[in-house]
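Shown next: final26.cif, containing mmCIF, C-alpha atoms and all ligand atoms.
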data_entry
loop_
_atom_site.label_atom_id
_atom_site.label_comp_id
_atom_site.auth_asym_id
_atom_site.auth_seq_id
_atom_site.Cartn_x
_atom_site.Cartn_y
_atom_site.Cartn_z
CA MET A 1 36.74 -6.28 3.45
CA THR A 2 34.78 -6.68 0.20
CA ALA A 3 31.75 -4.45 -0.29
CA ALA A 4 28.37 -6.24 -0.50
CA VAL A 5 27.32 -6.69 -4.12
CA ILE A 6 23.90 -5.22 -4.83
CA ALA A 7 22.33 -6.64 -7.97
CA PRO A 8 21.02 -4.02 -10.42
CA PRO A 9 17.22 -3.85 -10.46
CA ALA A 10 15.61 -6.44 -12.75
CA PRO A 11 13.19 -5.09 -15.40
CA PHE A 12 9.59 -4.63 -14.28
CA ILE A 13 7.41 -7.68 -14.97
CA SER A 14 3.68 -7.08 -14.70
CA GLY A 15 2.07 -9.35 -12.10
CA LEU A 16 5.51 -10.94 -11.43
CA ALA A 17 4.55 -13.48 -14.14
CA GLY A 18 7.34 -16.03 -14.59
CA VAL A 19 9.50 -14.49 -11.83
CA VAL A 20 11.04 -17.14 -9.56
CA ALA A 21 10.79 -15.75 -6.02
CA ALA A 22 11.29 -18.90 -3.91
CA GLN A 23 12.79 -22.37 -3.98
CA THR A 24 10.54 -25.06 -2.60
CA ARG A 25 10.36 -28.80 -2.02
CA LEU A 26 6.60 -28.64 -1.48
CA SER A 27 5.06 -28.62 -4.95
CA HIS A 28 6.08 -28.36 -8.56
CA VAL A 29 3.74 -26.90 -11.15
CA ASP A 30 4.69 -27.71 -14.76
CA GLY A 31 2.44 -25.45 -16.77
CA GLU A 32 3.52 -26.78 -20.16
CA ALA A 33 3.21 -30.50 -19.36
CA GLY A 34 0.15 -30.04 -17.12
CA GLN A 35 1.77 -31.78 -14.19
CA LEU A 36 1.57 -31.11 -10.45
CA LEU A 37 3.90 -32.81 -7.96
CA LEU A 38 3.18 -32.65 -4.24
CA ALA A 39 6.47 -33.20 -2.39
CA GLY A 40 7.51 -35.52 -5.22
CA TYR A 41 4.20 -37.39 -5.73
CA PRO A 42 2.01 -36.76 -8.80
CA VAL A 43 -1.25 -35.22 -7.55
CA GLU A 44 -3.33 -37.87 -9.35
CA VAL A 45 -1.46 -40.61 -7.44
CA LEU A 46 -1.50 -39.03 -3.99
CA ALA A 47 -4.80 -37.16 -3.76
CA PRO A 48 -7.30 -40.04 -4.22
CA ARG A 49 -5.37 -42.43 -1.94
CA ALA A 50 -4.06 -40.54 1.11
CA THR A 51 -5.91 -39.00 4.01
CA PHE A 52 -5.65 -35.22 4.45
CA GLU A 53 -3.65 -35.80 7.63
CA GLU A 54 -1.10 -37.91 5.69
CA VAL A 55 -0.68 -35.25 3.00
CA THR A 56 -0.31 -32.49 5.58
CA TYR A 57 2.30 -34.52 7.46
CA LEU A 58 4.14 -35.10 4.17
CA LEU A 59 4.29 -31.36 3.45
CA TRP A 60 5.30 -30.35 6.96
CA HIS A 61 7.81 -33.15 7.60
CA ARG A 62 8.97 -33.96 4.05
CA ALA A 63 8.06 -37.69 4.20
CA LEU A 64 4.87 -39.70 4.43
CA PRO A 65 4.25 -40.68 8.06
CA THR A 66 4.62 -44.16 9.51
CA ALA A 67 1.47 -45.59 11.11
CA ALA A 68 2.64 -44.43 14.56
CA GLN A 69 3.49 -40.92 13.32
CA LEU A 70 0.15 -40.63 11.56
CA ALA A 71 -1.76 -41.74 14.65
CA ALA A 72 0.05 -39.17 16.81
CA PHE A 73 -0.48 -36.37 14.25
CA THR A 74 -4.16 -37.22 13.74
CA HIS A 75 -4.68 -37.27 17.50
CA ALA A 76 -2.93 -33.92 17.98
CA LEU A 77 -5.11 -32.29 15.31
CA ALA A 78 -8.33 -33.79 16.68
CA ALA A 79 -7.48 -32.63 20.21
CA GLN A 80 -7.20 -28.95 19.22
CA ARG A 81 -10.44 -28.21 17.37
CA GLU A 82 -12.21 -26.12 20.02
CA LEU A 83 -12.23 -22.36 19.36
CA PRO A 84 -11.05 -19.75 21.88
CA PRO A 85 -14.14 -18.32 23.66
CA ALA A 86 -13.50 -14.89 22.06
CA ALA A 87 -14.30 -16.35 18.63
CA ARG A 88 -17.98 -16.97 19.41
CA PRO A 89 -19.19 -13.34 19.89
CA LEU A 90 -17.18 -12.30 16.87
CA LEU A 91 -18.81 -14.97 14.71
CA GLN A 92 -22.23 -14.02 16.10
CA ALA A 93 -21.65 -10.36 15.15
CA ALA A 94 -20.51 -11.46 11.69
CA ALA A 95 -23.63 -13.62 11.34
CA ALA A 96 -25.87 -10.73 12.37
CA ALA A 97 -24.29 -8.70 9.57
CA GLN A 98 -24.56 -11.72 7.18
CA LEU A 99 -20.87 -11.32 6.27
CA PRO A 100 -19.46 -13.61 3.58
CA VAL A 101 -17.92 -16.76 5.10
CA MET A 102 -14.38 -15.81 3.99
CA ASP A 103 -14.67 -12.55 5.94
CA ALA A 104 -15.86 -14.39 9.04
CA LEU A 105 -12.99 -16.87 8.65
CA ARG A 106 -10.50 -13.99 8.42
CA LEU A 107 -11.99 -12.31 11.51
CA ALA A 108 -12.08 -15.45 13.64
CA ALA A 109 -8.68 -16.72 12.44
CA GLY A 110 -7.24 -13.66 14.20
CA THR A 111 -8.60 -14.93 17.54
CA LEU A 112 -6.44 -18.04 17.20
CA SER A 113 -3.61 -16.01 18.75
CA LEU A 114 -5.54 -16.79 21.95
CA ALA A 115 -5.31 -20.57 21.42
CA PRO A 116 -2.66 -22.50 23.36
CA ASP A 117 0.64 -22.99 21.47
CA SER A 118 -0.38 -20.61 18.68
CA ALA A 119 2.86 -18.65 19.10
CA ALA A 120 5.15 -21.68 19.55
CA PRO A 121 8.40 -20.86 17.74
CA ASP A 122 8.38 -24.25 15.97
CA LEU A 123 5.76 -23.63 13.27
CA SER A 124 5.08 -27.34 12.87
CA VAL A 125 3.85 -27.19 16.49
CA SER A 126 1.90 -23.92 16.32
CA GLY A 127 0.53 -24.98 12.93
CA VAL A 128 -1.32 -28.01 14.33
CA GLY A 129 -3.78 -26.04 16.45
CA LEU A 130 -4.30 -23.43 13.73
CA LEU A 131 -5.01 -25.96 10.98
CA ALA A 132 -7.25 -27.96 13.35
CA ARG A 133 -9.48 -24.95 14.01
CA PHE A 134 -10.10 -23.73 10.46
CA PRO A 135 -12.98 -26.20 9.83
CA THR A 136 -14.46 -25.39 13.24
CA ILE A 137 -14.58 -21.68 12.39
CA VAL A 138 -16.16 -22.26 8.98
CA ALA A 139 -18.75 -24.77 10.21
CA ALA A 140 -19.66 -22.78 13.34
CA TYR A 141 -20.10 -19.60 11.32
CA TRP A 142 -22.09 -21.32 8.61
CA ARG A 143 -24.58 -22.61 11.16
CA LEU A 144 -24.75 -19.33 13.11
CA ARG A 145 -25.45 -17.42 9.89
CA GLN A 146 -28.47 -19.66 9.35
CA GLY A 147 -29.71 -19.26 12.91
CA GLN A 148 -28.52 -22.74 13.95
CA ALA A 149 -26.37 -23.66 16.93
CA PRO A 150 -22.80 -24.70 16.13
CA ILE A 151 -22.00 -28.40 16.52
CA ALA A 152 -19.09 -29.41 18.74
CA PRO A 153 -16.26 -31.21 16.93
CA ARG A 154 -15.96 -35.00 17.33
CA PRO A 155 -12.42 -36.09 18.18
CA ASP A 156 -13.10 -39.63 16.94
CA LEU A 157 -13.57 -38.37 13.35
CA GLY A 158 -10.79 -37.44 10.93
CA HIS A 159 -10.26 -33.87 9.73
CA ALA A 160 -12.43 -34.19 6.59
CA ALA A 161 -15.23 -36.27 8.15
CA ASN A 162 -15.42 -34.00 11.20
CA TYR A 163 -15.76 -30.93 8.96
CA LEU A 164 -18.76 -32.44 7.17
CA TYR A 165 -20.19 -33.55 10.53
CA MET A 166 -19.89 -30.08 12.07
CA LEU A 167 -21.74 -28.61 9.07
CA SER A 168 -24.64 -31.05 8.92
CA ALA A 169 -24.77 -32.96 12.24
CA ILE A 170 -24.58 -36.16 10.16
CA VAL A 171 -21.57 -38.45 10.28
CA PRO A 172 -20.64 -38.73 6.59
CA SER A 173 -20.40 -41.99 4.66
CA ALA A 174 -16.98 -43.33 3.69
CA GLU A 175 -17.67 -42.23 0.07
CA ARG A 176 -18.47 -38.66 1.10
CA THR A 177 -15.42 -38.47 3.31
CA ARG A 178 -13.27 -39.81 0.47
CA GLY A 179 -14.74 -37.29 -1.95
CA LEU A 180 -13.92 -34.36 0.34
CA GLU A 181 -10.52 -35.78 1.26
CA THR A 182 -9.57 -36.06 -2.42
CA TYR A 183 -10.61 -32.43 -2.93
CA LEU A 184 -8.64 -31.23 0.12
CA ASN A 185 -5.54 -33.13 -1.01
CA THR A 186 -5.82 -31.86 -4.59
CA VAL A 187 -5.80 -28.17 -3.69
CA VAL A 188 -3.51 -28.27 -0.64
CA ASP A 189 -0.52 -26.68 -2.33
CA HIS A 190 0.29 -25.15 -5.71
CA GLY A 191 3.64 -23.43 -5.99
CA LEU A 192 3.88 -19.72 -5.37
CA ASN A 193 0.23 -18.79 -5.90
CA ALA A 194 -0.94 -15.40 -4.62
CA SER A 195 -2.09 -16.50 -1.15
CA THR A 196 0.99 -18.66 -0.52
CA PHE A 197 3.22 -15.79 -1.62
CA THR A 198 1.35 -13.55 0.82
CA ALA A 199 1.94 -16.01 3.67
CA ARG A 200 5.64 -16.29 2.78
CA VAL A 201 6.07 -12.50 2.63
CA ILE A 202 4.51 -12.10 6.08
CA ILE A 203 6.51 -14.89 7.72
CA SER A 204 9.69 -13.59 6.04
CA THR A 205 9.46 -10.39 8.11
CA GLY A 206 9.74 -12.47 11.30
CA SER A 207 6.03 -12.11 11.95
CA ASP A 208 3.88 -14.92 13.39
CA LEU A 209 1.90 -17.75 11.82
CA VAL A 210 -1.55 -16.36 12.72
CA SER A 211 -0.68 -13.13 10.88
CA ALA A 212 0.55 -15.10 7.85
CA LEU A 213 -2.69 -17.14 7.73
CA VAL A 214 -4.93 -14.10 8.12
CA GLY A 215 -3.15 -12.35 5.24
CA ALA A 216 -3.33 -15.47 3.08
CA ILE A 217 -7.10 -15.76 3.65
CA GLY A 218 -7.47 -12.20 2.36
CA ALA A 219 -5.52 -13.05 -0.80
CA LEU A 220 -7.41 -16.30 -1.42
CA LYS A 221 -10.78 -14.58 -1.21
CA GLY A 222 -10.46 -12.73 -4.53
CA PRO A 223 -12.37 -14.10 -7.54
CA LEU A 224 -9.20 -14.35 -9.64
CA HIS A 225 -7.73 -16.80 -7.11
CA GLY A 226 -9.91 -18.87 -4.77
CA GLY A 227 -13.24 -17.21 -5.35
CA ALA A 228 -14.02 -18.77 -8.74
CA PRO A 229 -15.76 -22.11 -8.06
CA GLY A 230 -18.96 -20.58 -6.66
CA PRO A 231 -19.46 -18.36 -9.74
CA ALA A 232 -18.45 -21.33 -11.98
CA LEU A 233 -21.29 -23.41 -10.53
CA ASP A 234 -23.72 -20.50 -10.65
CA MET A 235 -22.89 -20.20 -14.35
CA VAL A 236 -23.67 -23.90 -14.95
CA PHE A 237 -26.94 -23.58 -13.02
CA GLU A 238 -27.88 -20.45 -14.94
CA ILE A 239 -27.24 -22.21 -18.26
CA GLY A 240 -29.43 -25.06 -17.01
CA ASP A 241 -29.57 -26.90 -20.33
CA ALA A 242 -26.70 -27.89 -22.63
CA GLY A 243 -28.58 -26.44 -25.62
CA ARG A 244 -28.38 -22.93 -24.12
CA ALA A 245 -24.66 -23.05 -23.36
CA GLU A 246 -23.30 -21.55 -26.56
CA ALA A 247 -25.60 -18.51 -26.69
CA PHE A 248 -25.12 -17.87 -22.97
CA LEU A 249 -21.33 -18.09 -23.08
CA ARG A 250 -21.03 -16.06 -26.29
CA ALA A 251 -23.07 -13.25 -24.70
CA LYS A 252 -20.83 -13.32 -21.64
CA LEU A 253 -17.67 -13.08 -23.73
CA ASP A 254 -19.23 -10.29 -25.82
CA ARG A 255 -19.66 -8.34 -22.58
CA ARG A 256 -15.93 -9.00 -21.98
CA GLU A 257 -16.73 -11.04 -18.89
CA ARG A 258 -14.43 -13.89 -17.87
CA LEU A 259 -15.62 -17.46 -17.81
CA MET A 260 -14.97 -18.65 -14.26
CA GLY A 261 -13.09 -21.94 -14.05
CA PHE A 262 -11.03 -21.32 -17.19
CA GLY A 263 -7.56 -19.90 -17.74
CA HIS A 264 -4.54 -20.00 -15.47
CA ARG A 265 -1.43 -17.92 -14.98
CA VAL A 266 0.86 -20.96 -15.13
CA TYR A 267 -0.95 -23.79 -16.97
CA ARG A 268 -0.98 -23.56 -20.76
CA VAL A 269 -2.68 -26.96 -20.92
CA ARG A 270 -5.49 -28.44 -18.87
CA ASP A 271 -4.95 -28.09 -15.11
CA PRO A 272 -4.20 -31.66 -13.89
CA ARG A 273 -6.24 -31.00 -10.76
CA ALA A 274 -9.36 -30.60 -12.91
CA ASP A 275 -9.02 -34.26 -13.98
CA VAL A 276 -8.44 -35.49 -10.42
CA LEU A 277 -11.59 -33.69 -9.26
CA ALA A 278 -13.63 -34.75 -12.30
CA ALA A 279 -12.65 -38.39 -11.60
CA ALA A 280 -13.52 -37.98 -7.91
CA ALA A 281 -16.90 -36.51 -8.89
CA VAL A 282 -17.65 -39.44 -11.22
CA ARG A 283 -16.64 -41.96 -8.54
CA PHE A 284 -18.73 -40.18 -5.96
CA PHE A 285 -21.80 -39.77 -8.17
CA GLY A 286 -21.49 -43.43 -9.13
CA SER A 287 -21.48 -44.53 -5.49
CA ASP A 288 -23.86 -42.11 -3.83
CA SER A 289 -27.41 -41.90 -5.04
CA ALA A 290 -27.69 -38.36 -3.62
CA GLY A 291 -25.01 -37.14 -6.04
CA ASP A 292 -26.27 -34.96 -8.84
CA ARG A 293 -25.01 -36.86 -11.90
CA ALA A 294 -27.14 -34.75 -14.26
CA LEU A 295 -25.37 -31.61 -13.07
CA TYR A 296 -22.01 -33.26 -13.68
CA ASP A 297 -23.03 -34.18 -17.24
CA LEU A 298 -24.22 -30.61 -17.85
CA ALA A 299 -20.89 -29.28 -16.52
CA ARG A 300 -19.01 -31.53 -18.98
CA SER A 301 -21.02 -30.16 -21.86
CA VAL A 302 -20.67 -26.51 -20.73
CA GLU A 303 -16.92 -27.11 -20.45
CA SER A 304 -16.52 -28.29 -24.05
CA THR A 305 -18.56 -25.35 -25.38
CA ALA A 306 -16.57 -22.89 -23.26
CA LEU A 307 -13.25 -24.32 -24.45
CA ALA A 308 -14.31 -24.03 -28.10
CA LEU A 309 -15.40 -20.40 -27.63
CA LEU A 310 -12.27 -19.43 -25.70
CA ALA A 311 -10.10 -20.93 -28.47
CA GLU A 312 -12.07 -18.91 -31.03
CA ARG A 313 -11.73 -15.64 -29.03
CA HIS A 314 -8.12 -16.11 -27.96
CA PRO A 315 -6.32 -18.14 -30.64
CA GLU A 316 -3.05 -16.55 -29.40
CA ARG A 317 -3.43 -17.81 -25.85
CA PRO A 318 -4.40 -21.32 -24.68
CA LEU A 319 -7.22 -20.97 -22.13
CA GLN A 320 -8.01 -24.34 -20.56
CA THR A 321 -10.13 -25.70 -17.74
CA ASN A 322 -8.72 -24.95 -14.28
CA VAL A 323 -9.20 -26.62 -10.90
CA GLU A 324 -12.15 -24.46 -9.96
CA PHE A 325 -14.45 -25.76 -12.67
CA TYR A 326 -14.63 -29.32 -11.30
CA THR A 327 -14.43 -28.19 -7.70
CA ALA A 328 -17.96 -26.99 -8.26
CA PRO A 329 -19.82 -30.26 -9.13
CA LEU A 330 -17.79 -32.26 -6.59
CA LEU A 331 -18.44 -29.94 -3.64
CA HIS A 332 -22.05 -29.48 -4.73
CA GLY A 333 -22.40 -33.29 -4.75
CA LEU A 334 -21.15 -33.29 -1.16
CA ASP A 335 -24.04 -30.91 -0.33
CA LEU A 336 -21.76 -27.94 0.25
CA PRO A 337 -23.48 -24.70 -0.81
CA THR A 338 -21.53 -22.38 -3.13
CA ASP A 339 -20.89 -19.94 -0.26
CA LEU A 340 -18.73 -22.64 1.33
CA PHE A 341 -16.57 -23.40 -1.72
CA SER A 342 -13.85 -20.79 -1.12
CA PRO A 343 -13.80 -21.36 2.67
CA THR A 344 -13.41 -25.11 2.05
CA PHE A 345 -10.50 -24.28 -0.25
CA ALA A 346 -9.00 -22.31 2.67
CA VAL A 347 -9.54 -25.28 5.04
CA SER A 348 -7.24 -27.26 2.75
CA ARG A 349 -4.79 -24.58 1.60
CA ALA A 350 -4.06 -23.60 5.22
CA ALA A 351 -1.94 -26.77 5.41
CA GLY A 352 0.03 -25.60 2.35
CA TRP A 353 0.43 -22.06 3.72
CA ILE A 354 1.80 -23.43 6.99
CA ALA A 355 4.17 -25.76 5.08
CA HIS A 356 5.55 -22.77 3.13
CA CYS A 357 5.96 -20.77 6.33
CA ILE A 358 7.91 -23.65 7.89
CA GLU A 359 10.05 -23.86 4.77
CA HIS A 360 10.61 -20.12 4.49
CA GLN A 361 11.46 -19.72 8.16
CA ALA A 362 14.42 -22.06 7.63
CA THR A 363 16.00 -19.60 5.15
CA GLY A 364 15.15 -16.54 7.21
CA ARG A 365 15.49 -14.20 4.20
CA LEU A 366 13.21 -11.15 4.08
CA ILE A 367 11.18 -10.96 0.85
CA ARG A 368 11.58 -7.39 -0.33
CA PRO A 369 11.37 -6.73 -4.10
CA GLN A 370 11.68 -3.29 -5.65
CA SER A 371 9.33 -1.01 -7.51
CA GLU A 372 10.07 1.12 -10.54
CA TYR A 373 9.18 4.77 -10.01
CA ILE A 374 7.23 6.17 -12.96
CA GLY A 375 5.76 9.30 -11.31
CA PRO A 376 6.78 12.96 -11.73
CA ARG A 377 9.97 14.36 -10.19
CA ASP A 378 11.10 17.61 -8.57
CA LEU A 379 7.61 19.11 -8.18
CA ALA A 380 7.45 22.47 -6.38
CA PHE A 381 5.46 22.37 -3.10
CA VAL A 382 2.40 24.69 -3.25
CA PRO A 383 1.17 25.85 0.20
CA LEU A 384 -2.40 24.74 1.01
CA ALA A 385 -3.87 28.26 0.81
CA GLN A 386 -2.56 28.69 -2.74
CA ARG A 387 -3.98 25.40 -4.20
CA ASP A 388 -7.04 25.64 -6.48
N1 LIG B 401 -12.51 -16.04 -19.67
C1 LIG B 401 -12.39 -15.17 -20.70
N2 LIG B 401 -11.24 -14.58 -21.05
C2 LIG B 401 -10.14 -14.89 -20.34
C3 LIG B 401 -10.19 -15.78 -19.26
C4 LIG B 401 -11.42 -16.38 -18.93
N3 LIG B 401 -11.55 -17.24 -17.90
N4 LIG B 401 -8.94 -15.89 -18.71
C5 LIG B 401 -8.16 -15.07 -19.42
N5 LIG B 401 -8.88 -14.48 -20.40
C6 LIG B 401 -8.38 -13.52 -21.40
C7 LIG B 401 -8.30 -12.12 -20.78
O1 LIG B 401 -9.50 -11.41 -20.93
C8 LIG B 401 -7.17 -11.51 -21.57
O2 LIG B 401 -7.66 -11.10 -22.84
P1 LIG B 401 -7.30 -9.62 -23.41
O3 LIG B 401 -5.81 -9.64 -23.54
O4 LIG B 401 -8.04 -9.58 -24.70
O5 LIG B 401 -7.80 -8.66 -22.38
C9 LIG B 401 -6.22 -12.69 -21.81
O6 LIG B 401 -7.04 -13.87 -21.74
C10 LIG B 401 -5.11 -12.78 -20.77
O7 LIG B 401 -5.67 -12.63 -19.48
P2 LIG B 401 -4.80 -12.29 -18.17
O8 LIG B 401 -5.68 -11.78 -17.09
O9 LIG B 401 -3.62 -11.43 -18.56
O10 LIG B 401 -4.20 -13.70 -17.82
P3 LIG B 401 -3.65 -14.10 -16.40
O11 LIG B 401 -2.64 -15.16 -16.61
O12 LIG B 401 -3.23 -12.92 -15.62
O13 LIG B 401 -4.99 -14.67 -15.74
C11 LIG B 401 -6.55 -15.84 -14.48
C12 LIG B 401 -5.14 -15.86 -15.08
C13 LIG B 401 -6.67 -14.66 -13.50
C14 LIG B 401 -6.79 -17.13 -13.71
C15 LIG B 401 -7.60 -15.70 -15.63
O14 LIG B 401 -7.47 -16.75 -16.55
C16 LIG B 401 -9.03 -15.60 -15.10
O15 LIG B 401 -9.49 -14.51 -14.75
N6 LIG B 401 -9.79 -16.76 -15.05
C17 LIG B 401 -11.13 -16.75 -14.52
C18 LIG B 401 -11.09 -16.81 -12.99
C19 LIG B 401 -10.67 -18.18 -12.46
O16 LIG B 401 -11.12 -19.22 -12.95
N7 LIG B 401 -9.83 -18.15 -11.41
C20 LIG B 401 -9.32 -19.36 -10.75
C21 LIG B 401 -7.88 -19.61 -11.14
S1 LIG B 401 -7.30 -21.11 -10.41
C22 LIG B 401 -6.84 -20.72 -8.83
O17 LIG B 401 -6.41 -19.64 -8.53
C23 LIG B 401 -6.99 -21.71 -7.78
#

Represent the structure contained in this file as structure tokens.
Amino acid sequence: MTAAVIAPPAPFISGLAGVVAAQTRLSHVDGEAGQLLLAGYPVEVLAPRATFEEVTYLLWHRALPTAAQLAAFTHALAAQRELPPAARPLLQAAAAAQLPVMDALRLAAGTLSLAPDSAAPDLSVSGVGLLARFPTIVAAYWRLRQGQAPIAPRPDLGHAANYLYMLSAIVPSAERTRGLETYLNTVVDHGLNASTFTARVIISTGSDLVSALVGAIGALKGPLHGGAPGPALDMVFEIGDAGRAEAFLRAKLDRRERLMGFGHRVYRVRDPRADVLAAAAVRFFGSDSAGDRALYDLARSVESTALALLAERHPERPLQTNVEFYTAPLLHGLDLPTDLFSPTFAVSRAAGWIAHCIEHQATGRLIRPQSEYIGPRDLAFVPLAQRD
């Protein structure tokens, strides 16, 4: 019998930058070329054309659905939007404490263990009811936090349209639905980002999908990952006028603050998703008189000033516009307040997290890297009474 070969530990790499920790068919991020493929399709081709249900089906089942498959999948999602009764008092308590929406989403996502089929061993079955309920949690909480009654989901509306409806009680126009759908498709998956890695680590231990999603929400919440678009928009609002951009941004950089919506761990060129969202914003603002075209124009101008200043400060490191910068004007144009930007990201990314869990489950390999010990050794134990 041959002894198992244990590879020697690899050298420590801060932040795991550049380390390949999974193989995937779900998305390919080419940071040098500025290209993103979603299951083989360039994001700029797929995102503005497909429905969110089609893209989710593609990721979970590795092929775009036929008309019959899409109808069945859309119906299954629409049929499972109601929350377990236990979610309501939890959301009410969160609203009384005015918790951030991401915290309420994390709390209520845990109650989805009470939903039928949530523990089905086939994750493409359990995933349907979990994905279906994310928008219901966000919309119900958003309304409760403002002292309004939640609005029941409408099974005749698609995933994106129903989300907007549950927030505002207004059935959205085709243009609004398209705008949101393009956003949801654009951010649905992106290689081994921090929240997806979290979900894969949890599912790799043999744990359940609800646990993986709850952990992933926690990772997405941070401002270095999914929490940037709100602050990016706040920054544009605060600047208010293109003429003030340079002084404002210089002062921020002098204080060693980061400009939200710029820089990326993988992209060394412009994030391709920024262009998809900028194009969606232009299309939307061109078709919907409610859209805030002036804000979009201001964002464009702030962007070019920011890029010039970042190049000046960091000539050694390309810092380009990332997806979060154009998330802001698009979601704002759809009347979503900044507090809902990260939760809306989660509504989309949940489909990607579930896809990665399905994919990882097939390999069954526990993710368990090593650490490098750099602390002291062989210390003598001092009894409590003798410590200063
Ligand atoms: N503004 C100003 N300086 C920046 C920025 C920025 N947005 N991004 C990086 N830098 C600087 C850092 O200060 C650092 O400079 P220093 O070496 O002088 O301290 C240098 O560039 C390298 O920064 P790192 O943090 O090592 O780069 P990393 O690849 O780890 O960071 C990250 C990537 C976290 C996205 C970073 O660019 C950032 O903080 N951006 C702002 C937040 C943001 O937009 N997040 C959304 C990312 S997209 C997403 O997750 C969906």

So that I can see what lies close to Val214 in chain A, please list as a PyMOL selection string the residues with an atom at most 12 Å from it, counting only C-alpha atoms and leaving out residues fewer than 6 positions away in the same chain. chain A and resi 102-113+130+134+195-196+198-199+202-203+207-208+220-221+346+350+353-354

Compile the contact shell of range 72-80 of chain A as a PDB file with C-alpha atoms, in the frame of the given file: residues with an atom at most 6 Å away, counting all atoms listed in the file, same-chain residues fewer than 3 positions apart removed.
ATOM      1  CA  GLN A  69       3.490 -40.920  13.320  1.00  0.00           C
ATOM      2  CA  VAL A 128      -1.320 -28.010  14.330  1.00  0.00           C
ATOM      3  CA  GLY A 129      -3.780 -26.040  16.450  1.00  0.00           C
ATOM      4  CA  ALA A 132      -7.250 -27.960  13.350  1.00  0.00           C
ATOM      5  CA  PRO A 155     -12.420 -36.090  18.180  1.00  0.00           C
TER       6      PRO A 155
END

Write as an mmCIF file with C-alpha atoms, keeping the file's coordinate frame the residues around ligand LIG 401 (chain B), taking 9 Å as the cut-off and counting all atoms listed in the file.
data_model
loop_
_atom_site.group_PDB
_atom_site.id
_atom_site.type_symbol
_atom_site.label_atom_id
_atom_site.label_comp_id
_atom_site.auth_asym_id
_atom_site.auth_seq_id
_atom_site.Cartn_x
_atom_site.Cartn_y
_atom_site.Cartn_z
ATOM 1 C CA GLY A 15 2.070 -9.350 -12.100
ATOM 2 C CA ALA A 17 4.550 -13.480 -14.140
ATOM 3 C CA VAL A 187 -5.800 -28.170 -3.690
ATOM 4 C CA HIS A 190 0.290 -25.150 -5.710
ATOM 5 C CA ASN A 193 0.230 -18.790 -5.900
ATOM 6 C CA ALA A 194 -0.940 -15.400 -4.620
ATOM 7 C CA LEU A 220 -7.410 -16.300 -1.420
ATOM 8 C CA GLY A 222 -10.460 -12.730 -4.530
ATOM 9 C CA PRO A 223 -12.370 -14.100 -7.540
ATOM 10 C CA LEU A 224 -9.200 -14.350 -9.640
ATOM 11 C CA HIS A 225 -7.730 -16.800 -7.110
ATOM 12 C CA GLY A 226 -9.910 -18.870 -4.770
ATOM 13 C CA GLY A 227 -13.240 -17.210 -5.350
ATOM 14 C CA ALA A 228 -14.020 -18.770 -8.740
ATOM 15 C CA PRO A 229 -15.760 -22.110 -8.060
ATOM 16 C CA PRO A 231 -19.460 -18.360 -9.740
ATOM 17 C CA ALA A 232 -18.450 -21.330 -11.980
ATOM 18 C CA LYS A 252 -20.830 -13.320 -21.640
ATOM 19 C CA LEU A 253 -17.670 -13.080 -23.730
ATOM 20 C CA ARG A 256 -15.930 -9.000 -21.980
ATOM 21 C CA GLU A 257 -16.730 -11.040 -18.890
ATOM 22 C CA ARG A 258 -14.430 -13.890 -17.870
ATOM 23 C CA LEU A 259 -15.620 -17.460 -17.810
ATOM 24 C CA MET A 260 -14.970 -18.650 -14.260
ATOM 25 C CA GLY A 261 -13.090 -21.940 -14.050
ATOM 26 C CA PHE A 262 -11.030 -21.320 -17.190
ATOM 27 C CA GLY A 263 -7.560 -19.900 -17.740
ATOM 28 C CA HIS A 264 -4.540 -20.000 -15.470
ATOM 29 C CA ARG A 265 -1.430 -17.920 -14.980
ATOM 30 C CA VAL A 266 0.860 -20.960 -15.130
ATOM 31 C CA TYR A 267 -0.950 -23.790 -16.970
ATOM 32 C CA ASP A 271 -4.950 -28.090 -15.110
ATOM 33 C CA ALA A 306 -16.570 -22.890 -23.260
ATOM 34 C CA LEU A 310 -12.270 -19.430 -25.700
ATOM 35 C CA ARG A 313 -11.730 -15.640 -29.030
ATOM 36 C CA HIS A 314 -8.120 -16.110 -27.960
ATOM 37 C CA ARG A 317 -3.430 -17.810 -25.850
ATOM 38 C CA PRO A 318 -4.400 -21.320 -24.680
ATOM 39 C CA LEU A 319 -7.220 -20.970 -22.130
ATOM 40 C CA GLN A 320 -8.010 -24.340 -20.560
ATOM 41 C CA THR A 321 -10.130 -25.700 -17.740
ATOM 42 C CA ASN A 322 -8.720 -24.950 -14.280
ATOM 43 C CA VAL A 323 -9.200 -26.620 -10.900
ATOM 44 C CA GLU A 324 -12.150 -24.460 -9.960
ATOM 45 C CA PHE A 325 -14.450 -25.760 -12.670
ATOM 46 C CA PHE A 345 -10.500 -24.280 -0.250
#

Could you please determine the separation between CA of Ala299 in chain A and CA of Arg349 in chain A in Å, to one decimal place? 24.7 Å

Do you know which residues are at most 9 Å from range 356-369 of chain A counting all atoms listed in the file, after dropping those on the same chain fewer than 4 positions away, and could you put them as a list in words?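 Returned residues: Ala21, Ala22, Thr24, Arg25, Leu26, Leu59, Trp60, Asp122, Leu123, Ser124, Thr196, Phe197, Ala199, Arg200, Val201, Ile202, Ile203, Ser204, Thr205, Gly206, Leu209, Ala212, Ala351 and Gly352 of chain A.
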
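In terms of minimum interatomic distance to Val210 in chain A, A:Leu114 ranks closest within A:Leu164, A:Leu114, A:Ala281, A:Ala33, counting only C-alpha atoms.
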
The residues within 8 Å of (-16.2, -26.6, 4.1), using only C-alpha atoms and the coordinates of the file, should be reported as a PyMOL selection string; which are they? chain A and resi 135+138-139+163-164+167+336+340-341+343-345+347
